[in-house]
Structures are given as C-alpha cells and as structure tokens.
>>> print(open('input35.pdb').read())   # PDB, C-alpha atoms, pLDDT in the B column
ATOM      1  CA  ASP A 580       0.000   0.000   0.000  1.00 56.00           C
ATOM      2  CA  THR A 581       1.592   3.274  -1.118  1.00 64.00           C
ATOM      3  CA  GLU A 582      -1.134   5.628   0.063  1.00 91.00           C
ATOM      4  CA  VAL A 583      -0.608   9.119   1.391  1.00 97.00           C
ATOM      5  CA  THR A 584      -3.801  10.958   2.319  1.00 97.00           C
ATOM      6  CA  GLN A 585      -4.294  14.707   2.525  1.00 98.00           C
ATOM      7  CA  THR A 586      -7.131  16.853   3.851  1.00 97.00           C
ATOM      8  CA  PRO A 587      -8.847  18.991   2.833  1.00 98.00           C
ATOM      9  CA  LYS A 588      -8.917  18.454  -0.944  1.00 97.00           C
ATOM     10  CA  HIS A 589      -9.779  22.103  -1.542  1.00 98.00           C
ATOM     11  CA  LEU A 590      -9.421  25.158   0.689  1.00 97.00           C
ATOM     12  CA  VAL A 591     -10.401  28.773   0.159  1.00 97.00           C
ATOM     13  CA  MET A 592      -9.139  31.203   2.767  1.00 95.00           C
ATOM     14  CA  GLY A 593      -8.877  34.921   3.255  1.00 93.00           C
ATOM     15  CA  MET A 594      -5.607  36.683   3.948  1.00 93.00           C
ATOM     16  CA  THR A 595      -6.420  37.062   7.646  1.00 91.00           C
ATOM     17  CA  ASN A 596      -7.462  33.449   8.224  1.00 92.00           C
ATOM     18  CA  LYS A 597      -5.561  30.689   9.988  1.00 96.00           C
ATOM     19  CA  LYS A 598      -5.956  27.188   8.569  1.00 97.00           C
ATOM     20  CA  SER A 599      -4.089  23.877   8.594  1.00 98.00           C
ATOM     21  CA  LEU A 600      -3.372  21.248   5.962  1.00 98.00           C
ATOM     22  CA  LYS A 601      -3.074  17.645   7.101  1.00 98.00           C
ATOM     23  CA  CYS A 602      -1.170  14.678   5.706  1.00 98.00           C
ATOM     24  CA  GLU A 603      -1.101  11.062   6.875  1.00 98.00           C
ATOM     25  CA  GLN A 604       0.753   7.915   5.841  1.00 97.00           C
ATOM     26  CA  HIS A 605       0.818   4.410   7.308  1.00 91.00           C
ATOM     27  CA  MET A 606       3.695   2.955   5.316  1.00 92.00           C
ATOM     28  CA  GLY A 607       6.218   3.232   8.149  1.00 92.00           C
ATOM     29  CA  HIS A 608       8.067   5.975   6.299  1.00 93.00           C
ATOM     30  CA  ARG A 609      10.219   8.173   8.536  1.00 92.00           C
ATOM     31  CA  ALA A 610      10.768  11.001   6.043  1.00 93.00           C
ATOM     32  CA  MET A 611       7.925  13.340   5.099  1.00 95.00           C
ATOM     33  CA  TYR A 612       7.861  16.356   2.821  1.00 96.00           C
ATOM     34  CA  TRP A 613       5.821  19.382   1.823  1.00 97.00           C
ATOM     35  CA  TYR A 614       5.940  20.648  -1.775  1.00 97.00           C
ATOM     36  CA  LYS A 615       4.209  23.570  -3.454  1.00 98.00           C
ATOM     37  CA  GLN A 616       3.129  23.380  -7.093  1.00 97.00           C
ATOM     38  CA  LYS A 617       1.916  26.350  -9.119  1.00 97.00           C
ATOM     39  CA  ALA A 618       0.003  25.839 -12.358  1.00 94.00           C
ATOM     40  CA  LYS A 619       2.127  24.545 -15.251  1.00 92.00           C
ATOM     41  CA  LYS A 620       5.221  24.369 -13.012  1.00 95.00           C
ATOM     42  CA  PRO A 621       6.925  21.406 -11.349  1.00 95.00           C
ATOM     43  CA  PRO A 622       6.629  20.821  -7.589  1.00 96.00           C
ATOM     44  CA  GLU A 623       9.040  22.814  -5.429  1.00 95.00           C
ATOM     45  CA  LEU A 624      10.310  21.532  -2.095  1.00 95.00           C
ATOM     46  CA  MET A 625       9.277  23.484   1.004  1.00 96.00           C
ATOM     47  CA  PHE A 626      10.130  21.339   4.046  1.00 96.00           C
ATOM     48  CA  VAL A 627      11.643  17.964   4.926  1.00 95.00           C
ATOM     49  CA  TYR A 628      11.020  16.080   8.162  1.00 95.00           C
ATOM     50  CA  SER A 629      13.328  13.215   9.028  1.00 93.00           C
ATOM     51  CA  TYR A 630      12.462  11.074  12.061  1.00 93.00           C
ATOM     52  CA  GLU A 631       9.909  13.723  13.115  1.00 95.00           C
ATOM     53  CA  LYS A 632      12.522  16.499  13.123  1.00 94.00           C
ATOM     54  CA  LEU A 633      12.659  19.363  10.636  1.00 94.00           C
ATOM     55  CA  SER A 634      15.783  18.782   8.585  1.00 91.00           C
ATOM     56  CA  ILE A 635      15.293  21.090   5.599  1.00 89.00           C
ATOM     57  CA  ASN A 636      13.472  24.421   5.283  1.00 89.00           C
ATOM     58  CA  GLU A 637      13.876  25.814   1.764  1.00 88.00           C
ATOM     59  CA  SER A 638      13.718  29.457   2.897  1.00 90.00           C
ATOM     60  CA  VAL A 639       9.945  29.302   3.173  1.00 95.00           C
ATOM     61  CA  PRO A 640       8.211  32.428   4.600  1.00 95.00           C
ATOM     62  CA  SER A 641       7.188  32.154   8.246  1.00 95.00           C
ATOM     63  CA  ARG A 642       3.503  32.385   7.322  1.00 96.00           C
ATOM     64  CA  PHE A 643       3.922  28.650   6.549  1.00 97.00           C
ATOM     65  CA  SER A 644       4.602  26.638   9.694  1.00 97.00           C
ATOM     66  CA  PRO A 645       5.125  22.862   9.483  1.00 97.00           C
ATOM     67  CA  GLU A 646       4.547  20.420  12.309  1.00 97.00           C
ATOM     68  CA  CYS A 647       5.158  16.682  12.627  1.00 97.00           C
ATOM     69  CA  PRO A 648       3.167  15.421  15.658  1.00 96.00           C
ATOM     70  CA  ASN A 649       4.212  11.780  15.116  1.00 94.00           C
ATOM     71  CA  SER A 650       5.772   9.503  12.521  1.00 92.00           C
ATOM     72  CA  SER A 651       2.507   9.174  10.548  1.00 96.00           C
ATOM     73  CA  LEU A 652       1.265  12.758  10.526  1.00 98.00           C
ATOM     74  CA  LEU A 653       2.445  15.994   8.978  1.00 98.00           C
ATOM     75  CA  ASN A 654       0.671  19.329   9.234  1.00 98.00           C
ATOM     76  CA  LEU A 655       1.177  22.651   7.514  1.00 98.00           C
ATOM     77  CA  HIS A 656      -0.209  25.629   9.427  1.00 98.00           C
ATOM     78  CA  LEU A 657      -1.129  28.655   7.350  1.00 97.00           C
ATOM     79  CA  HIS A 658      -1.482  32.223   8.604  1.00 96.00           C
ATOM     80  CA  ALA A 659      -1.712  35.605   6.880  1.00 94.00           C
ATOM     81  CA  LEU A 660      -1.207  34.151   3.412  1.00 95.00           C
ATOM     82  CA  GLN A 661      -1.010  36.189   0.230  1.00 96.00           C
ATOM     83  CA  PRO A 662      -2.935  35.568  -3.022  1.00 96.00           C
ATOM     84  CA  GLU A 663       0.334  34.437  -4.663  1.00 96.00           C
ATOM     85  CA  ASP A 664       0.409  31.524  -2.185  1.00 97.00           C
ATOM     86  CA  SER A 665      -2.522  29.972  -4.057  1.00 98.00           C
ATOM     87  CA  ALA A 666      -1.238  26.620  -5.345  1.00 98.00           C
ATOM     88  CA  LEU A 667      -1.469  22.839  -4.992  1.00 98.00           C
ATOM     89  CA  TYR A 668       0.226  21.744  -1.760  1.00 98.00           C
ATOM     90  CA  LEU A 669       1.579  18.222  -1.971  1.00 98.00           C
ATOM     91  CA  CYS A 670       2.691  15.975   0.862  1.00 98.00           C
ATOM     92  CA  ALA A 671       5.040  13.060   0.231  1.00 96.00           C
ATOM     93  CA  SER A 672       6.768  10.370   2.271  1.00 95.00           C
ATOM     94  CA  SER A 673       9.657   7.966   1.789  1.00 92.00           C
ATOM     95  CA  HIS A 674      11.754   5.315   3.466  1.00 87.00           C
ATOM     96  CA  HIS A 675      15.284   6.230   4.454  1.00 79.00           C
ATOM     97  CA  SER A 676      16.685   3.357   2.415  1.00 77.00           C
ATOM     98  CA  VAL A 677      18.041   3.783  -1.118  1.00 71.00           C
ATOM     99  CA  PRO A 678      16.687   4.824  -3.571  1.00 75.00           C
ATOM    100  CA  HIS A 679      14.380   6.845  -1.270  1.00 83.00           C
ATOM    101  CA  GLU A 680      11.354   6.673  -3.559  1.00 90.00           C
ATOM    102  CA  GLN A 681       8.813   9.312  -2.590  1.00 93.00           C
ATOM    103  CA  TYR A 682       5.068   8.765  -2.739  1.00 95.00           C
ATOM    104  CA  PHE A 683       2.767  11.742  -3.038  1.00 97.00           C
ATOM    105  CA  GLY A 684      -0.665  12.435  -1.626  1.00 97.00           C
ATOM    106  CA  PRO A 685      -3.402  13.894  -3.861  1.00 97.00           C
ATOM    107  CA  GLY A 686      -2.699  17.408  -2.641  1.00 98.00           C
ATOM    108  CA  THR A 687      -4.710  20.293  -1.234  1.00 98.00           C
ATOM    109  CA  ARG A 688      -5.707  22.923  -3.777  1.00 98.00           C
ATOM    110  CA  LEU A 689      -5.457  26.229  -1.910  1.00 98.00           C
ATOM    111  CA  THR A 690      -6.966  29.512  -3.022  1.00 97.00           C
ATOM    112  CA  VAL A 691      -6.156  32.669  -1.052  1.00 97.00           C
ATOM    113  CA  THR A 692      -8.637  35.510  -1.612  1.00 94.00           C
TER     114      THR A 692
ATOM    115  CA  ARG B1060      22.240  26.131 -15.782  1.00 68.00           C
ATOM    116  CA  LYS B1061      18.990  24.633 -14.479  1.00 77.00           C
ATOM    117  CA  GLU B1062      19.386  21.724 -12.072  1.00 91.00           C
ATOM    118  CA  VAL B1063      17.250  19.363 -14.184  1.00 96.00           C
ATOM    119  CA  GLU B1064      16.514  20.146 -17.812  1.00 96.00           C
ATOM    120  CA  GLN B1065      13.920  18.527 -20.035  1.00 96.00           C
ATOM    121  CA  ASP B1066      12.374  19.312 -23.404  1.00 92.00           C
ATOM    122  CA  PRO B1067       8.855  20.524 -22.479  1.00 91.00           C
ATOM    123  CA  GLY B1068       7.316  19.253 -25.732  1.00 91.00           C
ATOM    124  CA  PRO B1069       4.521  18.665 -26.436  1.00 95.00           C
ATOM    125  CA  PHE B1070       5.345  15.377 -28.100  1.00 95.00           C
ATOM    126  CA  ASN B1071       2.446  14.299 -30.337  1.00 96.00           C
ATOM    127  CA  VAL B1072       2.835  10.584 -31.025  1.00 96.00           C
ATOM    128  CA  PRO B1073       0.515   8.084 -32.752  1.00 97.00           C
ATOM    129  CA  GLU B1074      -0.772   5.191 -30.694  1.00 98.00           C
ATOM    130  CA  GLY B1075       1.537   2.178 -30.895  1.00 98.00           C
ATOM    131  CA  ALA B1076       4.661   4.218 -31.593  1.00 97.00           C
ATOM    132  CA  THR B1077       7.836   4.289 -29.516  1.00 97.00           C
ATOM    133  CA  VAL B1078       8.747   7.561 -27.857  1.00 97.00           C
ATOM    134  CA  ALA B1079      11.910   8.588 -26.004  1.00 96.00           C
ATOM    135  CA  PHE B1080      12.471  11.394 -23.496  1.00 93.00           C
ATOM    136  CA  ASN B1081      15.762  12.671 -22.201  1.00 94.00           C
ATOM    137  CA  CYS B1082      16.873  14.907 -19.415  1.00 96.00           C
ATOM    138  CA  THR B1083      20.147  16.237 -18.035  1.00 97.00           C
ATOM    139  CA  TYR B1084      21.049  17.178 -14.484  1.00 96.00           C
ATOM    140  CA  SER B1085      23.719  19.570 -13.274  1.00 94.00           C
ATOM    141  CA  ASN B1086      24.611  18.322  -9.784  1.00 91.00           C
ATOM    142  CA  SER B1087      27.136  15.508 -10.060  1.00 90.00           C
ATOM    143  CA  ALA B1088      26.518  14.696  -6.374  1.00 88.00           C
ATOM    144  CA  SER B1089      22.967  13.558  -7.163  1.00 90.00           C
ATOM    145  CA  GLN B1090      22.422  10.029  -5.911  1.00 89.00           C
ATOM    146  CA  SER B1091      18.918   8.919  -6.877  1.00 91.00           C
ATOM    147  CA  PHE B1092      17.012   9.345 -10.109  1.00 94.00           C
ATOM    148  CA  PHE B1093      13.386   8.836 -11.017  1.00 96.00           C
ATOM    149  CA  TRP B1094      10.711   9.293 -13.636  1.00 97.00           C
ATOM    150  CA  TYR B1095       7.314  10.418 -12.388  1.00 97.00           C
ATOM    151  CA  ARG B1096       4.168  10.961 -14.445  1.00 98.00           C
ATOM    152  CA  GLN B1097       1.634  13.613 -13.641  1.00 98.00           C
ATOM    153  CA  ASP B1098      -1.867  13.822 -15.068  1.00 97.00           C
ATOM    154  CA  CYS B1099      -3.660  17.155 -15.263  1.00 94.00           C
ATOM    155  CA  ARG B1100      -4.585  18.451 -11.783  1.00 92.00           C
ATOM    156  CA  LYS B1101      -3.349  15.254 -10.107  1.00 95.00           C
ATOM    157  CA  GLU B1102      -0.343  14.431  -7.954  1.00 97.00           C
ATOM    158  CA  PRO B1103       2.927  13.102  -9.409  1.00 97.00           C
ATOM    159  CA  LYS B1104       3.015   9.297  -9.441  1.00 97.00           C
ATOM    160  CA  LEU B1105       6.263   7.349  -9.372  1.00 96.00           C
ATOM    161  CA  LEU B1106       6.800   5.610 -12.696  1.00 96.00           C
ATOM    162  CA  MET B1107      10.193   4.088 -11.994  1.00 95.00           C
ATOM    163  CA  SER B1108      13.549   4.582 -10.336  1.00 94.00           C
ATOM    164  CA  VAL B1109      16.496   4.812 -12.722  1.00 94.00           C
ATOM    165  CA  TYR B1110      19.752   2.892 -12.367  1.00 88.00           C
ATOM    166  CA  SER B1111      23.041   2.934 -14.249  1.00 87.00           C
ATOM    167  CA  SER B1112      22.502  -0.665 -15.267  1.00 88.00           C
ATOM    168  CA  GLY B1113      19.236   0.318 -16.938  1.00 89.00           C
ATOM    169  CA  ASN B1114      15.897  -0.983 -15.845  1.00 92.00           C
ATOM    170  CA  GLU B1115      12.721  -2.064 -17.542  1.00 95.00           C
ATOM    171  CA  ASP B1116       9.134  -2.250 -16.361  1.00 95.00           C
ATOM    172  CA  GLY B1117       6.829  -3.619 -19.032  1.00 97.00           C
ATOM    173  CA  ARG B1118       6.762  -1.140 -21.914  1.00 98.00           C
ATOM    174  CA  PHE B1119       8.965   1.351 -20.059  1.00 98.00           C
ATOM    175  CA  THR B1120      12.777   1.369 -20.069  1.00 97.00           C
ATOM    176  CA  ALA B1121      14.903   3.876 -18.153  1.00 97.00           C
ATOM    177  CA  GLN B1122      18.626   4.491 -18.362  1.00 96.00           C
ATOM    178  CA  LEU B1123      21.104   6.588 -16.405  1.00 96.00           C
ATOM    179  CA  ASN B1124      24.472   7.772 -17.702  1.00 95.00           C
ATOM    180  CA  ARG B1125      26.340   9.236 -14.728  1.00 93.00           C
ATOM    181  CA  ALA B1126      29.357  10.324 -16.779  1.00 94.00           C
ATOM    182  CA  SER B1127      27.177  12.465 -19.054  1.00 94.00           C
ATOM    183  CA  GLN B1128      24.655  13.296 -16.295  1.00 95.00           C
ATOM    184  CA  TYR B1129      21.888  12.153 -18.599  1.00 95.00           C
ATOM    185  CA  ILE B1130      18.678  10.215 -17.920  1.00 96.00           C
ATOM    186  CA  SER B1131      16.381   8.668 -20.501  1.00 96.00           C
ATOM    187  CA  LEU B1132      12.940   7.073 -20.673  1.00 97.00           C
ATOM    188  CA  LEU B1133      11.689   4.920 -23.541  1.00 97.00           C
ATOM    189  CA  ILE B1134       8.021   4.021 -23.944  1.00 98.00           C
ATOM    190  CA  ARG B1135       7.244   1.233 -26.399  1.00 98.00           C
ATOM    191  CA  ASP B1136       3.848   0.467 -27.987  1.00 98.00           C
ATOM    192  CA  SER B1137       2.399   3.690 -26.592  1.00 98.00           C
ATOM    193  CA  LYS B1138      -1.212   3.704 -25.371  1.00 98.00           C
ATOM    194  CA  LEU B1139      -3.728   6.530 -25.194  1.00 98.00           C
ATOM    195  CA  SER B1140      -3.485   6.261 -21.401  1.00 97.00           C
ATOM    196  CA  ASP B1141       0.228   7.172 -21.579  1.00 98.00           C
ATOM    197  CA  SER B1142      -0.770  10.777 -22.327  1.00 98.00           C
ATOM    198  CA  ALA B1143       0.562  12.772 -19.374  1.00 98.00           C
ATOM    199  CA  THR B1144       3.439  14.988 -18.281  1.00 97.00           C
ATOM    200  CA  TYR B1145       6.630  13.034 -17.559  1.00 98.00           C
ATOM    201  CA  LEU B1146       8.831  14.533 -14.871  1.00 97.00           C
ATOM    202  CA  CYS B1147      12.543  13.792 -14.630  1.00 97.00           C
ATOM    203  CA  VAL B1148      13.527  13.904 -10.962  1.00 96.00           C
ATOM    204  CA  VAL B1149      16.806  13.775  -9.054  1.00 95.00           C
ATOM    205  CA  ARG B1150      17.711  13.621  -5.395  1.00 91.00           C
ATOM    206  CA  LYS B1151      21.044  14.631  -3.869  1.00 81.00           C
ATOM    207  CA  GLY B1152      20.947  11.970  -1.208  1.00 71.00           C
ATOM    208  CA  GLY B1153      19.817  10.959   2.244  1.00 65.00           C
ATOM    209  CA  ALA B1154      16.463  12.439   3.199  1.00 67.00           C
ATOM    210  CA  ASP B1155      16.819  15.332   0.786  1.00 81.00           C
ATOM    211  CA  GLY B1156      13.829  16.467  -1.152  1.00 88.00           C
ATOM    212  CA  LEU B1157      13.406  15.943  -4.856  1.00 91.00           C
ATOM    213  CA  THR B1158      14.375  18.350  -7.624  1.00 93.00           C
ATOM    214  CA  PHE B1159      12.010  18.165 -10.576  1.00 95.00           C
ATOM    215  CA  GLY B1160      12.518  19.013 -14.202  1.00 96.00           C
ATOM    216  CA  LYS B1161       9.778  21.102 -15.786  1.00 95.00           C
ATOM    217  CA  GLY B1162       8.284  18.001 -17.368  1.00 96.00           C
ATOM    218  CA  THR B1163       7.716  16.756 -20.903  1.00 96.00           C
ATOM    219  CA  HIS B1164       4.123  16.791 -22.124  1.00 97.00           C
ATOM    220  CA  LEU B1165       3.198  13.663 -24.104  1.00 97.00           C
ATOM    221  CA  ILE B1166       0.029  13.378 -26.185  1.00 97.00           C
ATOM    222  CA  ILE B1167      -0.774   9.975 -27.681  1.00 98.00           C
ATOM    223  CA  GLN B1168      -3.086  10.320 -30.673  1.00 97.00           C
ATOM    224  CA  PRO B1169      -5.485   7.593 -31.866  1.00 95.00           C
TER     225      PRO B1169
END
>>> encode(input="input35.pdb", output="structure tokens")
Amino acid sequence: DTEVTQTPKHLVMGMTNKKSLKCEQHMGHRAMYWYKQKAKKPPELMFVYSYEKLSINESVPSRFSPECPNSSLLNLHLHALQPEDSALYLCASSHHSVPHEQYFGPGTRLTVT
Amino acid sequence: RKEVEQDPGPFNVPEGATVAFNCTYSNSASQSFFWYRQDCRKEPKLLMSVYSSGNEDGRFTAQLNRASQYISLLIRDSKLSDSATYLCVVRKGGADGLTFGKGTHLIIQP
C-alpha cells in the first residue's frame, strides 16, 4: 500500500485566516515532505522532516509553519497568506533506504482571496 | 544552468509508436534518479527509479548515464493512457527532497 492521504482536498481562505493542511501515511516511512506546485510548473520543495525532526526548510516564509506530531502525521499551518500563495500543496513520504522513492498524496488545492 | 533540464514538448505521437524522453542534471553529487508521471490536476506518481545498469518495467525502459549526467525514458507500444506529463527527478541523497525538471508533455493520438 503506497497511500498518502491529505485533507482537505480544496481550501479557500482569506488573507487574515488561519488554517491547517493535514497529511497522513501508514507505510512506516520516517521522512515526510511538503511541496508547493503552481500551475504549469513542477513541484518545489518546502520542508523535509526526518524522524519527526525538521531537517530542511527551503527558505519558506514564516507564514507557513510545518509540524510533525508523530511519525505518521504531517501538518502545515497557514497564517496571513497572500494571493500568490494559491497553489497545490503536496505531501510526500519515503523510506530512508536507497533509492528513497517518494510517494505523493493527492494534494490540497489552496486559493487565497 | 537549471538543475534538471527537459524538453517541455509537447510530443504528439501516434498510438503504438515508440517515444523517447531525455533529461540532463547539473549536480554531479545527485544520488537517486526517477521518472514520475503527472496527469492534469493530479499528484505526481512514481513511474520508476532509474539505475546505471538500466531498468525495464513492461513497456517502459529507463537508463542513467552518470558520466554524461543524462537520464532517458523509452516508452514502447504507446497507449492513449500514456498521455501525461513526464517529470525527470533527481535527489542529492539521504532524506533530501526531490528536484524536478519542468516536465515533458506527451500526447498519444489515436
């Protein structure tokens, strides 16, 4: 089973709202990732969690705040977003063993108004 | 130089034909290599990992040339359902994230 689930599927939020995106996997993977994908562009890495610790932050603005409550869950807390943050937010997970294949969830399509 | 470069296409190919995609990567320290496919408004799905020895999965064959920093994907006997964007992807190593090429858009025509 290579399933990663994400909720919600769609989210519309105003610039003053606070919301959270959720991601879950039950494959025993200990690395989890957040990516952002704009229309007609490839996914871009935002954050990497390795063994529940943040290991990579790709200079993401502080209005995006990741959290890894346990080895199966990954959250992305959103606050004071801008319209240009509208995108598809993808969660992925992988084993730590080579070749570290990553499996993606279906994404949350976010619109900031 | 972009980290991962691909021809964006589109490639318009008749059903049953063989089609080949290539990509190049700039970071010689890259350790893992993949092809993903992405359908419109869907998530990327892993197609196959790519190894120097070459690997095959049904109609799909992938090859890695580390010396030239070049990755290829061959699709034989193409099907209508192969229409998608094919993303060339590299990873530096460990628990690093993935770096994606811009993707090659493939359209299989009946």
>>> resolve_selection(input="input35.pdb", expression="the PyMOL selection byres ((chain A and resi 602-604) around 12)", output="ChimeraX atom specification")
/A:580-588,599-601,605-614,645-656,668-674,681-687
>>> resolve_selection(input="input35.pdb", expression="the PyMOL selection byres ((chain A and resi 663) around 10)", output="VMD selection string")
chain A and resid 617 660 to 662 664 to 666 690 to 692
>>> resolve_selection(input="input35.pdb", expression="the PyMOL selection byres ((chain B and resi 1107) around 12)", output="ChimeraX atom specification")
/A:678-682 /B:1091-1096,1103-1106,1108-1110,1113-1122,1131-1133,1145-1148
>>> atom_distance(input="input35.pdb", atom1="atom CA of Ile635 of chain A", atom2="atom CA of Lys619 of chain A")
24.9 Å
>>> atom_distance(input="input35.pdb", atom1="atom CA of Leu689 of chain A", atom2="atom CA of Leu1165 of chain B")
26.9 Å
>>> atom_distance(input="input35.pdb", atom1="atom CA of Gly1162 of chain B", atom2="atom CA of Pro1067 of chain B")
5.7 Å
>>> residues_near_point(input="input35.pdb", point="(5.9, 17.9, -21.7)", cutoff="12 Å", atoms="only C-alpha atoms", output="NGL selection string")
(:A and (619-621)) or (:B and (1064-1071 or 1079-1082 or 1096-1099 or 1142-1147 or 1160-1167))
>>> residues_around(input="input35.pdb", residues="Leu1157 of chain B", least_positions_apart="2", cutoff="9 Å", atoms="all atoms listed in the file", output="list in words")
Pro622, Glu623, Leu624 and Gln681 of chain A; Val1148, Val1149, Arg1150, Lys1151, Asp1155 and Phe1159 of chain B
>>> closest_residue(input="input35.pdb", among="B:Gln1090, B:Ser1137, B:Ser1111, B:Thr1083", to="chain A", atoms="only C-alpha atoms")
B:Gln1090
>>> closest_residue(input="input35.pdb", among="A:Leu633, A:Val639, A:Ala659, A:Leu590", to="chain B", atoms="only C-alpha atoms")
A:Leu633
>>> closest_residue(input="input35.pdb", among="B:Val1063, B:Leu1139, B:Ile1134, B:Ala1126", to="Val1078 of chain B", atoms="all atoms listed in the file")
B:Ile1134
>>> closest_residue(input="input35.pdb", among="B:Gln1168, B:Lys1061, B:Pro1073, B:Ser1085", to="Ile1130 of chain B", atoms="only C-alpha atoms")
B:Ser1085
>>> axis_aligned_box(input="input35.pdb", around="segment 607-624 of chain A", padding_each_side="5 Å", output="JSON")
{"center_x": 5.4, "center_y": 14.8, "center_z": -3.4, "size_x": 20.8, "size_y": 33.1, "size_z": 33.8}
>>> closest_residue(input="input35.pdb", among="B:Glu1102, B:Asp1141, B:Glu1062, B:Asn1086", to="chain A", atoms="only C-alpha atoms")
B:Glu1102
>>> closest_residue(input="input35.pdb", among="A:Thr595, A:Ser676, A:Ser644, A:Ser638", to="chain B", atoms="only C-alpha atoms")
A:Ser676
>>> residues_around(input="input35.pdb", residues="Gly1075 of chain B", least_positions_apart="4", cutoff="8 Å", atoms="only C-alpha atoms", output="PyMOL selection string")
chain B and resi 1135-1138
